[in-house]
Each structure stands twice: as structure tokens, then as C-alpha cells.
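Visitor: mmCIF, N, CA and C atoms, file final.cif:
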data_upload
#
loop_
_atom_site.label_atom_id
_atom_site.label_comp_id
_atom_site.auth_asym_id
_atom_site.auth_seq_id
_atom_site.Cartn_x
_atom_site.Cartn_y
_atom_site.Cartn_z
N MET J 1 199.90 105.74 29.92
CA MET J 1 200.27 106.85 29.05
C MET J 1 201.17 106.33 27.94
N LEU J 2 200.60 105.60 27.00
CA LEU J 2 201.30 105.09 25.83
C LEU J 2 202.46 104.16 26.19
N GLY J 3 202.41 103.55 27.35
CA GLY J 3 203.45 102.61 27.74
C GLY J 3 204.75 103.29 28.17
N LEU J 4 204.70 104.57 28.48
CA LEU J 4 205.89 105.27 28.92
C LEU J 4 205.94 105.32 30.44
N SER J 5 207.00 104.80 31.00
CA SER J 5 207.18 104.89 32.44
C SER J 5 207.96 106.17 32.75
N MET J 6 208.07 106.48 34.02
CA MET J 6 208.81 107.69 34.41
C MET J 6 210.27 107.60 33.99
N ASP J 7 210.83 106.40 33.98
CA ASP J 7 212.23 106.24 33.55
C ASP J 7 212.40 106.69 32.10
N LYS J 8 211.48 106.23 31.25
CA LYS J 8 211.57 106.56 29.82
C LYS J 8 211.31 108.04 29.58
N ILE J 9 210.37 108.62 30.30
CA ILE J 9 210.08 110.05 30.14
C ILE J 9 211.29 110.87 30.57
N LEU J 10 211.91 110.48 31.67
CA LEU J 10 213.11 111.19 32.14
C LEU J 10 214.24 111.06 31.13
N MET J 11 214.40 109.88 30.55
CA MET J 11 215.44 109.67 29.55
C MET J 11 215.18 110.54 28.31
N LEU J 12 213.92 110.61 27.87
CA LEU J 12 213.58 111.47 26.74
C LEU J 12 213.86 112.93 27.05
N ALA J 13 213.57 113.36 28.27
CA ALA J 13 213.84 114.74 28.65
C ALA J 13 215.34 115.04 28.64
N VAL J 14 216.13 114.10 29.11
CA VAL J 14 217.59 114.30 29.12
C VAL J 14 218.13 114.36 27.69
N VAL J 15 217.67 113.46 26.83
CA VAL J 15 218.12 113.46 25.43
C VAL J 15 217.69 114.74 24.74
N ALA J 16 216.45 115.18 24.99
CA ALA J 16 215.98 116.44 24.39
C ALA J 16 216.81 117.61 24.89
N GLY J 17 217.15 117.60 26.17
CA GLY J 17 217.98 118.67 26.72
C GLY J 17 219.36 118.71 26.08
N LEU J 18 219.92 117.53 25.83
CA LEU J 18 221.24 117.49 25.20
C LEU J 18 221.19 117.88 23.73
N LEU J 19 220.14 117.46 23.02
CA LEU J 19 220.05 117.77 21.60
C LEU J 19 219.68 119.23 21.34
N LEU J 20 218.76 119.76 22.12
CA LEU J 20 218.28 121.11 21.85
C LEU J 20 219.13 122.18 22.50
N GLY J 21 219.69 121.89 23.63
CA GLY J 21 220.52 122.86 24.31
C GLY J 21 219.68 123.77 25.21
N PRO J 22 220.34 124.51 26.06
CA PRO J 22 219.61 125.33 27.04
C PRO J 22 218.90 126.55 26.43
N GLU J 23 219.31 126.97 25.24
CA GLU J 23 218.68 128.16 24.64
C GLU J 23 217.33 127.82 24.01
N THR J 24 217.26 126.69 23.29
CA THR J 24 216.03 126.36 22.56
C THR J 24 215.11 125.41 23.32
N LEU J 25 215.57 124.84 24.43
CA LEU J 25 214.73 123.91 25.18
C LEU J 25 213.47 124.58 25.73
N PRO J 26 213.52 125.79 26.29
CA PRO J 26 212.28 126.42 26.77
C PRO J 26 211.28 126.68 25.63
N LYS J 27 211.77 127.09 24.47
CA LYS J 27 210.88 127.31 23.33
C LYS J 27 210.22 125.99 22.91
N ALA J 28 211.01 124.92 22.85
CA ALA J 28 210.49 123.63 22.46
C ALA J 28 209.45 123.13 23.47
N ALA J 29 209.71 123.33 24.76
CA ALA J 29 208.75 122.93 25.79
C ALA J 29 207.46 123.73 25.66
N HIS J 30 207.59 125.02 25.34
CA HIS J 30 206.40 125.86 25.15
C HIS J 30 205.58 125.35 23.96
N TYR J 31 206.23 125.08 22.85
CA TYR J 31 205.51 124.59 21.66
C TYR J 31 204.89 123.21 21.92
N LEU J 32 205.58 122.39 22.67
CA LEU J 32 205.04 121.08 23.02
C LEU J 32 203.79 121.24 23.89
N GLY J 33 203.83 122.14 24.85
CA GLY J 33 202.67 122.40 25.70
C GLY J 33 201.49 122.93 24.91
N VAL J 34 201.76 123.88 24.00
CA VAL J 34 200.69 124.43 23.16
C VAL J 34 200.10 123.34 22.28
N GLY J 35 200.95 122.51 21.70
CA GLY J 35 200.48 121.43 20.85
C GLY J 35 199.63 120.42 21.60
N LEU J 36 200.05 120.09 22.82
CA LEU J 36 199.28 119.14 23.62
C LEU J 36 197.94 119.72 24.04
N ARG J 37 197.91 121.03 24.37
CA ARG J 37 196.64 121.66 24.71
C ARG J 37 195.70 121.66 23.51
N LYS J 38 196.22 121.94 22.32
CA LYS J 38 195.39 121.92 21.11
C LYS J 38 194.88 120.51 20.83
N LEU J 39 195.74 119.52 21.01
CA LEU J 39 195.34 118.13 20.79
C LEU J 39 194.24 117.72 21.77
N ARG J 40 194.37 118.11 23.04
CA ARG J 40 193.35 117.79 24.04
C ARG J 40 192.04 118.50 23.72
N ALA J 41 192.11 119.77 23.30
CA ALA J 41 190.89 120.50 22.93
C ALA J 41 190.23 119.85 21.72
N PHE J 42 191.02 119.41 20.75
CA PHE J 42 190.47 118.73 19.57
C PHE J 42 189.78 117.43 19.97
N ALA J 43 190.42 116.66 20.85
CA ALA J 43 189.82 115.39 21.29
C ALA J 43 188.53 115.63 22.06
N ASP J 44 188.52 116.63 22.93
CA ASP J 44 187.30 116.94 23.67
C ASP J 44 186.18 117.41 22.74
N GLU J 45 186.53 118.25 21.77
CA GLU J 45 185.54 118.74 20.82
C GLU J 45 185.00 117.59 19.96
N SER J 46 185.88 116.70 19.55
CA SER J 46 185.46 115.55 18.75
C SER J 46 184.52 114.64 19.54
N THR J 47 184.84 114.41 20.80
CA THR J 47 184.00 113.57 21.65
C THR J 47 182.62 114.21 21.83
N THR J 48 182.60 115.51 22.08
CA THR J 48 181.33 116.22 22.25
C THR J 48 180.51 116.17 20.97
N ARG J 49 181.16 116.39 19.85
CA ARG J 49 180.45 116.37 18.57
C ARG J 49 179.92 114.97 18.26
N LEU J 50 180.70 113.95 18.53
CA LEU J 50 180.26 112.58 18.30
C LEU J 50 179.04 112.25 19.15
N ARG J 51 179.08 112.64 20.42
CA ARG J 51 177.93 112.37 21.30
C ARG J 51 176.69 113.13 20.85
N SER J 52 176.86 114.35 20.36
CA SER J 52 175.69 115.12 19.94
C SER J 52 175.12 114.58 18.63
N GLU J 53 175.97 114.10 17.73
CA GLU J 53 175.47 113.58 16.45
C GLU J 53 174.96 112.15 16.56
N ALA J 54 175.55 111.34 17.42
CA ALA J 54 175.13 109.95 17.54
C ALA J 54 173.92 109.80 18.45
N GLY J 55 173.73 110.75 19.33
CA GLY J 55 172.58 110.69 20.22
C GLY J 55 172.85 109.79 21.41
N PRO J 56 171.79 109.48 22.14
CA PRO J 56 171.97 108.69 23.37
C PRO J 56 172.31 107.23 23.12
N THR J 57 172.17 106.76 21.88
CA THR J 57 172.46 105.35 21.62
C THR J 57 173.95 105.04 21.69
N ILE J 58 174.79 106.04 21.61
CA ILE J 58 176.24 105.80 21.64
C ILE J 58 176.67 105.26 23.00
N ASP J 59 175.93 105.60 24.05
CA ASP J 59 176.28 105.10 25.39
C ASP J 59 175.86 103.66 25.59
N GLU J 60 174.97 103.15 24.74
CA GLU J 60 174.47 101.79 24.88
C GLU J 60 175.38 100.75 24.20
N VAL J 61 176.34 101.20 23.42
CA VAL J 61 177.23 100.29 22.69
C VAL J 61 178.23 99.67 23.68
N ASP J 62 178.40 98.36 23.59
CA ASP J 62 179.39 97.67 24.42
C ASP J 62 180.73 97.71 23.67
N TRP J 63 181.55 98.69 24.00
CA TRP J 63 182.81 98.92 23.28
C TRP J 63 183.82 97.82 23.57
N ARG J 64 183.72 97.16 24.72
CA ARG J 64 184.66 96.09 25.03
C ARG J 64 184.49 94.91 24.07
N LYS J 65 183.28 94.68 23.61
CA LYS J 65 183.04 93.58 22.67
C LYS J 65 183.64 93.89 21.31
N LEU J 66 183.79 95.17 20.97
CA LEU J 66 184.34 95.57 19.68
C LEU J 66 185.86 95.81 19.73
N ASP J 67 186.47 95.54 20.86
CA ASP J 67 187.90 95.76 21.02
C ASP J 67 188.68 94.76 20.17
N PRO J 68 189.55 95.23 19.27
CA PRO J 68 190.28 94.30 18.40
C PRO J 68 191.25 93.40 19.17
N ARG J 69 191.59 93.76 20.39
CA ARG J 69 192.48 92.90 21.17
C ARG J 69 191.78 91.63 21.63
N GLN J 70 190.45 91.61 21.55
CA GLN J 70 189.69 90.42 21.91
C GLN J 70 189.66 89.41 20.77
N TYR J 71 190.17 89.78 19.62
CA TYR J 71 190.14 88.94 18.42
C TYR J 71 191.09 87.76 18.60
N ASP J 72 190.54 86.57 18.55
CA ASP J 72 191.32 85.34 18.63
C ASP J 72 190.84 84.42 17.52
N PRO J 73 191.60 84.29 16.44
CA PRO J 73 191.13 83.51 15.29
C PRO J 73 190.83 82.06 15.64
N ARG J 74 191.57 81.47 16.56
CA ARG J 74 191.32 80.07 16.93
C ARG J 74 189.94 79.92 17.57
N ARG J 75 189.59 80.86 18.44
CA ARG J 75 188.28 80.79 19.09
C ARG J 75 187.17 81.00 18.08
N ILE J 76 187.35 81.94 17.17
CA ILE J 76 186.32 82.23 16.17
C ILE J 76 186.09 81.01 15.28
N ILE J 77 187.16 80.36 14.84
CA ILE J 77 187.03 79.18 13.98
C ILE J 77 186.38 78.03 14.76
N ARG J 78 186.81 77.83 16.01
CA ARG J 78 186.24 76.76 16.83
C ARG J 78 184.74 76.98 17.02
N GLU J 79 184.35 78.21 17.35
CA GLU J 79 182.92 78.49 17.55
C GLU J 79 182.14 78.31 16.25
N ALA J 80 182.72 78.74 15.12
CA ALA J 80 182.03 78.59 13.84
C ALA J 80 181.86 77.12 13.49
N LEU J 81 182.86 76.31 13.74
CA LEU J 81 182.75 74.88 13.43
C LEU J 81 181.77 74.17 14.36
N LEU J 82 181.76 74.54 15.61
CA LEU J 82 180.85 73.91 16.56
C LEU J 82 179.41 74.34 16.34
N ASP J 83 179.20 75.58 15.92
CA ASP J 83 177.84 76.06 15.67
C ASP J 83 177.22 75.38 14.46
N ASP J 84 178.02 75.09 13.44
CA ASP J 84 177.49 74.49 12.21
C ASP J 84 177.29 72.99 12.33
N ALA J 85 177.98 72.35 13.24
CA ALA J 85 177.91 70.89 13.35
C ALA J 85 176.57 70.48 13.93
N ASP J 86 176.00 69.42 13.36
CA ASP J 86 174.76 68.87 13.88
C ASP J 86 175.09 68.05 15.12
N PRO J 87 174.21 68.07 16.12
CA PRO J 87 174.49 67.26 17.30
C PRO J 87 174.45 65.78 16.94
N PRO J 88 175.28 64.95 17.54
CA PRO J 88 175.30 63.52 17.23
C PRO J 88 173.97 62.88 17.61
N VAL J 89 173.53 61.99 16.75
CA VAL J 89 172.28 61.27 16.97
C VAL J 89 172.61 59.95 17.65
N ALA J 90 171.92 59.68 18.75
CA ALA J 90 172.16 58.43 19.49
C ALA J 90 171.49 57.30 18.76
N LYS J 91 172.25 56.22 18.54
CA LYS J 91 171.69 55.05 17.86
C LYS J 91 171.06 54.15 18.91
N PRO J 92 169.89 53.59 18.59
CA PRO J 92 169.25 52.72 19.57
C PRO J 92 170.03 51.41 19.74
N ASP J 93 170.05 50.89 20.94
CA ASP J 93 170.74 49.62 21.25
C ASP J 93 169.86 48.47 20.78
N ARG J 94 170.38 47.61 19.90
CA ARG J 94 169.59 46.53 19.33
C ARG J 94 169.72 45.23 20.13
N GLY J 95 170.49 45.25 21.15
CA GLY J 95 170.60 44.10 22.05
C GLY J 95 171.23 42.90 21.41
N LEU J 96 172.38 43.03 20.82
CA LEU J 96 173.05 41.91 20.18
C LEU J 96 173.56 40.98 21.18
#
Please rewrite the model in this file as C-alpha cells.

Guide:
Amino acid sequence: MLGLSMDKILMLAVVAGLLLGPETLPKAAHYLGVGLRKLRAFADESTTRLRSEAGPTIDEVDWRKLDPRQYDPRRIIREALLDDADPPVAKPDRGL
């Protein structure tokens, strides 16, 4: 959940409680809940719309291969250099 552990969530709740106070904290929690529900509904609607417009081919895409965290410039350069290089040609032994 975005790298938030229970410790951090609890700390955020305590800070919010101190900053907002007991009168406005319930209103803020209500608005946060409404906002999160709207965000979840938007995400679900977007996913459904994407699947309906892209068709069945969207499930065939290997998303792990397109993950930007897999990007390693050293590997890409090494593979590009090795792919372009011609294999070494063995020279015949002339029996000196």
C-alpha cells in the first residue's frame, strides 16, 4: 500500500488528529472515505472501459516485460554490442 506500514499510518492518524482537532476530524475522515470510494470507482470504471475498448488482446500483453523497473542500461548496451559483433573467425593452423 504505497510503502506505508502500520506504524506510518498510525503516525499519520495521530498527526491528523492533533492538527484537525476532535471537532473537524470526523468530517475530514468522512471526506477522505468519500474521496477514496470515488477514486476506486473511477479506477474500476477505467479498467472496465480499457478492457472493452482494447478487446481480448489486452490480456495477451506481457506487462512484466514492459515494467520500467526492469530497465538496466548496462544490460541493454551489453546486449546491443554483443548482438552487432561478428563471431570470431578461427584461423587455420599452418603448422609452423

Visitor: Could you write out, as a VMD selection string, all the residues of chain J that DSSP marks as helix (DSSP H, G or I)?

Guide: chain J and resid 6 to 60 68 to 70 73 to 84

Visitor: Find the distance between CA of Ala41 (chain J) and CA of Lys27 (chain J) and write it in Å to one decimal.

Guide: 21.1 Å

Visitor: So that all listed atoms of region 71-86 of chain J fit with 4 Å spare on each side, what axis-aligned box centre and edge lengths in Å, to one decimal, would you give as AutoDock Vina command-line options?

Guide:
--center_x 183.2 --center_y 78.9 --center_z 15.9 --size_x 24.8 --size_y 29.7 --size_z 15.4

Visitor: Find, counting only C-alpha atoms, the residue in J:Glu60, J:Thr47, J:Ala28, J:Ile77 that gets nearest to Ala16 (chain J).

Guide: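 Under the stated criterion, the closest residue is J:Ala28.
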